[in-house]
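Student: The structure's right below; bear with me while I get my questions together.
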Amino acid sequence: MLNGEGVVLGVDGISDFNALHSRKHDAGVQFYAFDMLAGDGDDHRKLPLSMRKTNLCGCWRGAPRAFLSRPFEQVDVGTDLFRAACGMGLEGLVSKHRERAYRAGRSPHWIKVKNRRHQATSREF
């Protein structure tokens, strides 16, 4: 069981929120996995994020190209990374504590920082 997000990339390689929600580009949707909650019959939610990320990267060997993941990165680049994400027109960033277990819903161990200029921040759902 994976946690991730479906994304449609524009011609510029940037995620296109409107294209995804229009459902006109379903064939081009890519799944970006960022967490592995269970695998091979084992519940991984109690493992720390760093271990879940390692497990996630190991499960992609031979997977279709439409499934992508990134390994855990332990760096202190939050401000620069957020500035770059905003400059690319991305919605924002989510940062999670590498030693914490998975917890559904809001948690004090993760932070979502939104690009206030992104169109998704003004949408009502």
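Here's how to read the names in the structure tokens: chain A, B, ... by the order shown, residue numbers from 1 in each chain, ligand numbers from 1 in the order shown.
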Which residues come within 8 Å of Arg45 in chain A, counting only C-alpha atoms, excluding same-chain residues fewer than 6 positions away, as a CSV table (one decimal) with all heavy atoms, in the first residue's frame?
Tutor:
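Writing the result to part_22.csv gives the following:
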```csv
chain,number,residue,atom,x,y,z
A,36,MET,N,5.5,4.3,1.8
A,36,MET,CA,5.1,2.9,1.7
A,36,MET,C,4.5,2.4,3.0
A,36,MET,O,5.2,2.3,4.0
A,36,MET,CB,6.2,2.0,1.3
A,36,MET,CG,5.8,0.5,1.0
A,36,MET,SD,7.2,-0.4,0.3
A,36,MET,CE,6.5,-1.9,0.0
A,37,LEU,N,3.2,2.2,3.1
A,37,LEU,CA,2.5,1.9,4.3
A,37,LEU,C,2.4,0.4,4.6
A,37,LEU,O,2.3,0.0,5.8
A,37,LEU,CB,1.1,2.5,4.3
A,37,LEU,CG,1.1,4.0,3.9
A,37,LEU,CD1,-0.4,4.5,4.0
A,37,LEU,CD2,2.0,4.8,4.8
A,38,ALA,N,2.5,-0.4,3.6
A,38,ALA,CA,2.5,-1.8,3.7
A,38,ALA,C,3.1,-2.5,2.5
A,38,ALA,O,3.0,-1.9,1.4
A,38,ALA,CB,1.1,-2.3,4.0
A,52,ARG,N,10.7,3.4,5.8
A,52,ARG,CA,9.7,3.3,4.8
A,52,ARG,C,10.1,3.7,3.5
A,52,ARG,O,9.8,3.2,2.4
A,52,ARG,CB,8.4,4.0,5.3
A,52,ARG,CG,7.8,3.5,6.6
A,52,ARG,CD,6.4,4.0,6.9
A,52,ARG,NE,6.2,5.4,6.7
A,52,ARG,CZ,6.4,6.4,7.6
A,52,ARG,NH1,6.8,6.1,8.8
A,52,ARG,NH2,6.1,7.6,7.2
A,101,ALA,N,6.9,7.5,12.9
A,101,ALA,CA,6.0,6.5,12.3
A,101,ALA,C,4.9,7.2,11.5
A,101,ALA,O,4.7,8.4,11.7
A,101,ALA,CB,5.3,5.6,13.4
A,102,TYR,N,4.2,6.5,10.6
A,102,TYR,CA,3.1,7.1,9.8
A,102,TYR,C,1.9,7.3,10.7
A,102,TYR,O,1.6,6.5,11.5
A,102,TYR,CB,2.7,6.1,8.7
A,102,TYR,CG,1.6,6.7,7.9
A,102,TYR,CD1,1.8,7.6,6.9
A,102,TYR,CD2,0.3,6.3,8.1
A,102,TYR,CE1,0.7,8.1,6.1
A,102,TYR,CE2,-0.8,6.8,7.4
A,102,TYR,CZ,-0.6,7.7,6.4
A,102,TYR,OH,-1.6,8.2,5.7
A,103,ARG,N,1.3,8.4,10.5
A,103,ARG,CA,0.0,8.7,11.2
A,103,ARG,C,-0.9,9.4,10.2
A,103,ARG,O,-0.5,10.4,9.6
A,103,ARG,CB,0.4,9.7,12.4
A,103,ARG,CG,-0.8,10.0,13.2
A,103,ARG,CD,-0.4,10.8,14.5
A,103,ARG,NE,-1.5,11.6,14.9
A,103,ARG,CZ,-1.4,12.6,15.8
A,103,ARG,NH1,-0.2,12.8,16.3
A,103,ARG,NH2,-2.4,13.3,16.2
```
Student: Return the single residue from A:Leu56, A:Val29, A:Val77, A:Met88 that is closest to Asp12 in chain A, with distances computed using only C-alpha atoms.
Tutor: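 Closest residue, counting only C-alpha atoms: A:Met88.
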Student: Give the answer as one residue: which of A:Ala33, A:Leu90, A:Leu2, A:Ala85 has the shortest atom-to-atom distance to Phe17 in chain A, using only C-alpha atoms?
Tutor: A:Leu90
Student: Of the residues A:Arg98, A:Asn115, A:Asn18, A:Asp35, which is the one nearest to Leu81 in chain A, using only C-alpha atoms?
Tutor: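 Among A:Arg98, A:Asn115, A:Asn18, A:Asp35, it is A:Asn115 that comes nearest to Leu81 in chain A.
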Student: Can you pull out the residues contacting Ile14 in chain A? Cut-off 12 Å, using only C-alpha atoms, and skip same-chain residues under 6 positions away; I want them as a list of chain:residue names.
Tutor: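 Skipping anything fewer than 6 positions along the chain leaves A:Val7, A:Val8, A:Leu20, A:Ala85, A:Cys86, A:Gly87, A:Met88, A:Gly89, A:Leu90, A:Glu91.
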Student: Using only C-alpha atoms, which protein or nucleic acid residues come within 8 Å of His109 in chain A? Drop anything in the same chain fewer than 4 positions from it, and give the result as a list in words.
Tutor: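 Final neighbour list, sorted by chain and number: Lys96, His97 and Arg100 of chain A.
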Student: Deliver the residues from the most recent selection as a file, using N, CA and C atoms, as a compact mmCIF listing (two decimals), in the first residue's frame.
Tutor:
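Wrote it out as part-v3.txt, contents follow:
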```txt
# COMPACT_ATOMS: atom_id res chain seq x y z
N LYS A 96 8.45 15.89 6.34
CA LYS A 96 8.10 14.96 7.41
C LYS A 96 9.35 14.63 8.23
N HIS A 97 9.16 14.35 9.49
CA HIS A 97 10.27 13.98 10.38
C HIS A 97 10.72 12.57 10.03
N ARG A 100 9.85 9.41 12.46
CA ARG A 100 8.49 9.21 12.96
C ARG A 100 7.73 8.15 12.18
```
Student: Using DSSP secondary structure from the backbone, list all alpha helix (DSSP H) positions within range 2-68 of chain A, as a list of chain:residue names.
Tutor: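 Those residues are A:Phe17, A:Asn18, A:Ala19, A:Leu20, A:His21, A:Ser22, A:Leu49, A:Ser50, A:Met51, A:Arg52, A:Lys53, A:Thr54, A:Asn55, A:Leu56, A:Cys57, A:Gly58.
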Student: Among chain A, which residues carry a DSSP assignment of strand (DSSP E or B), reported as a short mmCIF file (atom, residue, chain, number, x, y, z; two decimals) with all heavy atoms, in the first residue's frame?
Tutor:
```
data_model
loop_
_atom_site.label_atom_id
_atom_site.label_comp_id
_atom_site.auth_asym_id
_atom_site.auth_seq_id
_atom_site.Cartn_x
_atom_site.Cartn_y
_atom_site.Cartn_z
N LEU A 2 0.67 2.07 -0.99
CA LEU A 2 1.50 3.25 -1.16
C LEU A 2 0.70 4.51 -0.90
O LEU A 2 -0.50 4.56 -1.11
CB LEU A 2 2.06 3.29 -2.59
CG LEU A 2 2.86 2.07 -3.03
CD1 LEU A 2 3.27 2.21 -4.47
CD2 LEU A 2 4.06 1.87 -2.14
N ASN A 3 1.42 5.54 -0.48
CA ASN A 3 0.84 6.87 -0.33
C ASN A 3 1.54 7.74 -1.37
O ASN A 3 2.76 7.73 -1.46
CB ASN A 3 1.09 7.40 1.08
CG ASN A 3 0.31 8.65 1.39
OD1 ASN A 3 -0.38 9.20 0.55
ND2 ASN A 3 0.44 9.11 2.62
N GLY A 4 0.77 8.44 -2.16
CA GLY A 4 1.37 9.26 -3.20
C GLY A 4 0.35 10.16 -3.83
O GLY A 4 -0.72 10.41 -3.27
N GLU A 5 0.69 10.65 -5.01
CA GLU A 5 -0.16 11.62 -5.68
C GLU A 5 -0.09 11.43 -7.18
O GLU A 5 0.98 11.20 -7.74
CB GLU A 5 0.33 13.02 -5.32
CG GLU A 5 -0.56 14.13 -5.73
CD GLU A 5 -0.17 15.44 -5.09
OE1 GLU A 5 0.26 15.45 -3.92
OE2 GLU A 5 -0.31 16.47 -5.76
N GLY A 6 -1.25 11.51 -7.83
CA GLY A 6 -1.29 11.48 -9.29
C GLY A 6 -0.96 12.86 -9.83
O GLY A 6 -1.39 13.87 -9.30
N VAL A 7 -0.17 12.90 -10.90
CA VAL A 7 0.30 14.16 -11.46
C VAL A 7 0.24 14.09 -12.99
O VAL A 7 0.57 13.06 -13.58
CB VAL A 7 1.77 14.44 -11.03
CG1 VAL A 7 2.32 15.68 -11.69
CG2 VAL A 7 1.87 14.54 -9.52
N LEU A 9 1.98 16.11 -16.05
CA LEU A 9 3.03 17.08 -16.33
C LEU A 9 2.72 17.85 -17.60
O LEU A 9 2.30 17.27 -18.61
CB LEU A 9 4.39 16.39 -16.48
CG LEU A 9 4.88 15.63 -15.25
CD1 LEU A 9 6.22 14.96 -15.55
CD2 LEU A 9 5.00 16.55 -14.05
N SER A 15 4.10 20.10 -12.94
CA SER A 15 2.78 19.52 -12.73
C SER A 15 1.69 20.53 -13.10
O SER A 15 1.80 21.71 -12.80
CB SER A 15 2.62 19.04 -11.29
OG SER A 15 2.71 20.11 -10.40
N GLN A 30 0.86 10.31 -14.03
CA GLN A 30 1.96 9.57 -13.40
C GLN A 30 1.70 9.56 -11.90
O GLN A 30 1.20 10.53 -11.34
CB GLN A 30 3.31 10.23 -13.68
CG GLN A 30 3.68 10.20 -15.14
CD GLN A 30 5.03 10.84 -15.38
OE1 GLN A 30 5.53 11.63 -14.59
NE2 GLN A 30 5.64 10.48 -16.49
N PHE A 31 2.05 8.45 -11.26
CA PHE A 31 1.87 8.33 -9.83
C PHE A 31 3.21 8.55 -9.15
O PHE A 31 4.17 7.84 -9.40
CB PHE A 31 1.33 6.94 -9.46
CG PHE A 31 1.10 6.76 -7.99
CD1 PHE A 31 0.05 7.41 -7.36
CD2 PHE A 31 1.92 5.95 -7.23
CE1 PHE A 31 -0.18 7.25 -6.00
CE2 PHE A 31 1.70 5.79 -5.87
CZ PHE A 31 0.65 6.44 -5.26
N TYR A 32 3.28 9.58 -8.30
CA TYR A 32 4.49 9.86 -7.53
C TYR A 32 4.27 9.33 -6.11
O TYR A 32 3.49 9.88 -5.35
CB TYR A 32 4.77 11.36 -7.49
CG TYR A 32 5.33 11.89 -8.78
CD1 TYR A 32 4.52 12.16 -9.87
CD2 TYR A 32 6.70 12.10 -8.92
CE1 TYR A 32 5.05 12.63 -11.06
CE2 TYR A 32 7.24 12.58 -10.11
CZ TYR A 32 6.40 12.83 -11.17
OH TYR A 32 6.93 13.30 -12.34
N ALA A 33 4.96 8.25 -5.80
CA ALA A 33 4.83 7.65 -4.47
C ALA A 33 5.82 8.31 -3.53
O ALA A 33 6.97 8.55 -3.88
CB ALA A 33 5.13 6.15 -4.55
N PHE A 34 5.34 8.63 -2.31
CA PHE A 34 6.26 9.22 -1.34
C PHE A 34 6.26 8.49 -0.01
O PHE A 34 6.99 8.88 0.90
CB PHE A 34 5.99 10.72 -1.14
CG PHE A 34 4.55 11.11 -1.03
CD1 PHE A 34 3.83 10.89 0.12
CD2 PHE A 34 3.92 11.71 -2.10
CE1 PHE A 34 2.50 11.27 0.21
CE2 PHE A 34 2.60 12.09 -2.02
CZ PHE A 34 1.88 11.87 -0.85
N ASP A 35 5.51 7.42 0.10
CA ASP A 35 5.52 6.64 1.34
C ASP A 35 5.01 5.24 1.06
O ASP A 35 4.17 5.03 0.18
CB ASP A 35 4.65 7.31 2.41
CG ASP A 35 5.10 7.02 3.83
OD1 ASP A 35 5.83 6.02 4.04
OD2 ASP A 35 4.73 7.77 4.73
N MET A 36 5.52 4.26 1.80
CA MET A 36 5.08 2.87 1.68
C MET A 36 4.51 2.45 3.03
O MET A 36 5.24 2.34 4.01
CB MET A 36 6.23 1.96 1.28
CG MET A 36 5.84 0.54 1.04
SD MET A 36 7.23 -0.36 0.33
CE MET A 36 6.45 -1.92 -0.01
N ALA A 38 2.50 -0.38 3.56
CA ALA A 38 2.48 -1.84 3.74
C ALA A 38 3.08 -2.49 2.51
O ALA A 38 3.04 -1.92 1.41
CB ALA A 38 1.05 -2.33 3.95
N GLY A 39 3.64 -3.65 2.69
CA GLY A 39 4.22 -4.40 1.58
C GLY A 39 4.52 -5.82 1.97
O GLY A 39 4.88 -6.10 3.12
N ASP A 42 3.20 -7.07 5.19
CA ASP A 42 3.65 -6.45 6.44
C ASP A 42 3.15 -5.01 6.53
O ASP A 42 3.17 -4.27 5.54
CB ASP A 42 5.18 -6.44 6.52
CG ASP A 42 5.76 -7.84 6.61
OD1 ASP A 42 5.15 -8.70 7.28
OD2 ASP A 42 6.82 -8.06 5.99
N ASP A 43 2.73 -4.61 7.72
CA ASP A 43 2.32 -3.24 7.99
C ASP A 43 3.57 -2.42 8.30
O ASP A 43 4.30 -2.73 9.24
CB ASP A 43 1.36 -3.22 9.18
CG ASP A 43 0.77 -1.86 9.46
OD1 ASP A 43 1.28 -0.85 8.92
OD2 ASP A 43 -0.20 -1.79 10.23
N PHE A 67 5.38 5.04 -12.56
CA PHE A 67 5.46 5.04 -11.11
C PHE A 67 6.82 5.56 -10.70
O PHE A 67 7.84 5.00 -11.08
CB PHE A 67 5.25 3.63 -10.55
CG PHE A 67 3.88 3.10 -10.79
CD1 PHE A 67 3.62 2.34 -11.92
CD2 PHE A 67 2.85 3.38 -9.92
CE1 PHE A 67 2.36 1.86 -12.16
CE2 PHE A 67 1.57 2.90 -10.16
CZ PHE A 67 1.33 2.13 -11.28
N LEU A 68 6.83 6.63 -9.93
CA LEU A 68 8.09 7.27 -9.57
C LEU A 68 8.17 7.49 -8.06
O LEU A 68 7.16 7.69 -7.40
CB LEU A 68 8.20 8.64 -10.27
CG LEU A 68 8.03 8.61 -11.79
CD1 LEU A 68 7.83 10.02 -12.31
CD2 LEU A 68 9.23 7.96 -12.44
N SER A 69 9.37 7.47 -7.52
CA SER A 69 9.57 7.79 -6.11
C SER A 69 10.92 8.44 -5.94
O SER A 69 11.79 8.33 -6.79
CB SER A 69 9.48 6.53 -5.24
OG SER A 69 10.55 5.66 -5.52
N GLY A 92 3.49 23.64 -3.46
CA GLY A 92 4.18 23.78 -2.17
C GLY A 92 5.00 22.55 -1.86
O GLY A 92 5.32 21.76 -2.74
N LEU A 93 5.34 22.40 -0.59
CA LEU A 93 6.16 21.27 -0.13
C LEU A 93 5.56 20.67 1.13
O LEU A 93 4.91 21.35 1.91
CB LEU A 93 7.57 21.75 0.23
CG LEU A 93 8.42 22.36 -0.86
CD1 LEU A 93 9.72 22.88 -0.27
CD2 LEU A 93 8.71 21.35 -1.94
N VAL A 94 5.84 19.38 1.32
CA VAL A 94 5.50 18.70 2.57
C VAL A 94 6.80 18.15 3.13
O VAL A 94 7.55 17.48 2.42
CB VAL A 94 4.49 17.56 2.36
CG1 VAL A 94 4.26 16.79 3.64
CG2 VAL A 94 3.17 18.10 1.83
N SER A 95 7.07 18.44 4.38
CA SER A 95 8.26 17.92 5.05
C SER A 95 7.82 17.06 6.23
O SER A 95 6.94 17.46 6.99
CB SER A 95 9.13 19.06 5.57
OG SER A 95 9.59 19.85 4.51
N LYS A 96 8.45 15.89 6.34
CA LYS A 96 8.10 14.96 7.41
C LYS A 96 9.35 14.63 8.23
O LYS A 96 10.45 14.60 7.69
CB LYS A 96 7.53 13.66 6.84
CG LYS A 96 6.23 13.88 6.08
CD LYS A 96 5.69 12.57 5.56
CE LYS A 96 4.37 12.77 4.84
NZ LYS A 96 3.80 11.50 4.38
N TRP A 110 4.83 16.59 10.67
CA TRP A 110 4.99 16.99 9.28
C TRP A 110 4.40 18.38 9.07
O TRP A 110 3.51 18.80 9.78
CB TRP A 110 4.43 15.97 8.30
CG TRP A 110 2.96 15.70 8.32
CD1 TRP A 110 2.32 14.73 9.03
CD2 TRP A 110 1.93 16.37 7.57
NE1 TRP A 110 0.98 14.76 8.77
CE2 TRP A 110 0.71 15.75 7.88
CE3 TRP A 110 1.94 17.43 6.67
CZ2 TRP A 110 -0.49 16.16 7.32
CZ3 TRP A 110 0.73 17.84 6.11
CH2 TRP A 110 -0.46 17.20 6.44
N ILE A 111 4.96 19.04 8.07
CA ILE A 111 4.57 20.43 7.78
C ILE A 111 4.28 20.54 6.29
O ILE A 111 5.07 20.09 5.46
CB ILE A 111 5.70 21.41 8.15
CG1 ILE A 111 5.92 21.43 9.65
CG2 ILE A 111 5.40 22.80 7.63
CD1 ILE A 111 7.12 22.26 10.07
N LYS A 112 3.17 21.16 5.94
CA LYS A 112 2.85 21.48 4.56
C LYS A 112 2.94 22.98 4.41
O LYS A 112 2.25 23.72 5.10
CB LYS A 112 1.45 20.99 4.19
CG LYS A 112 1.11 21.25 2.73
CD LYS A 112 -0.22 20.60 2.37
CE LYS A 112 -0.48 20.74 0.89
NZ LYS A 112 -1.71 20.06 0.49
N VAL A 113 3.81 23.42 3.51
CA VAL A 113 3.99 24.84 3.26
C VAL A 113 3.49 25.12 1.84
O VAL A 113 3.98 24.53 0.88
CB VAL A 113 5.47 25.26 3.40
CG1 VAL A 113 5.62 26.75 3.22
CG2 VAL A 113 6.03 24.81 4.73
N LYS A 114 2.48 25.99 1.73
CA LYS A 114 1.86 26.25 0.43
C LYS A 114 2.40 27.52 -0.22
O LYS A 114 2.67 28.50 0.45
CB LYS A 114 0.35 26.40 0.60
CG LYS A 114 -0.34 25.12 1.00
CD LYS A 114 -1.83 25.33 1.04
CE LYS A 114 -2.54 24.04 1.37
NZ LYS A 114 -4.00 24.21 1.26
#
```
Student: To one decimal place, how far is CA of Ser107 in chain A from CA of Gly41 in chain A in Å?
Tutor: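 It comes out at 25.6 Å.
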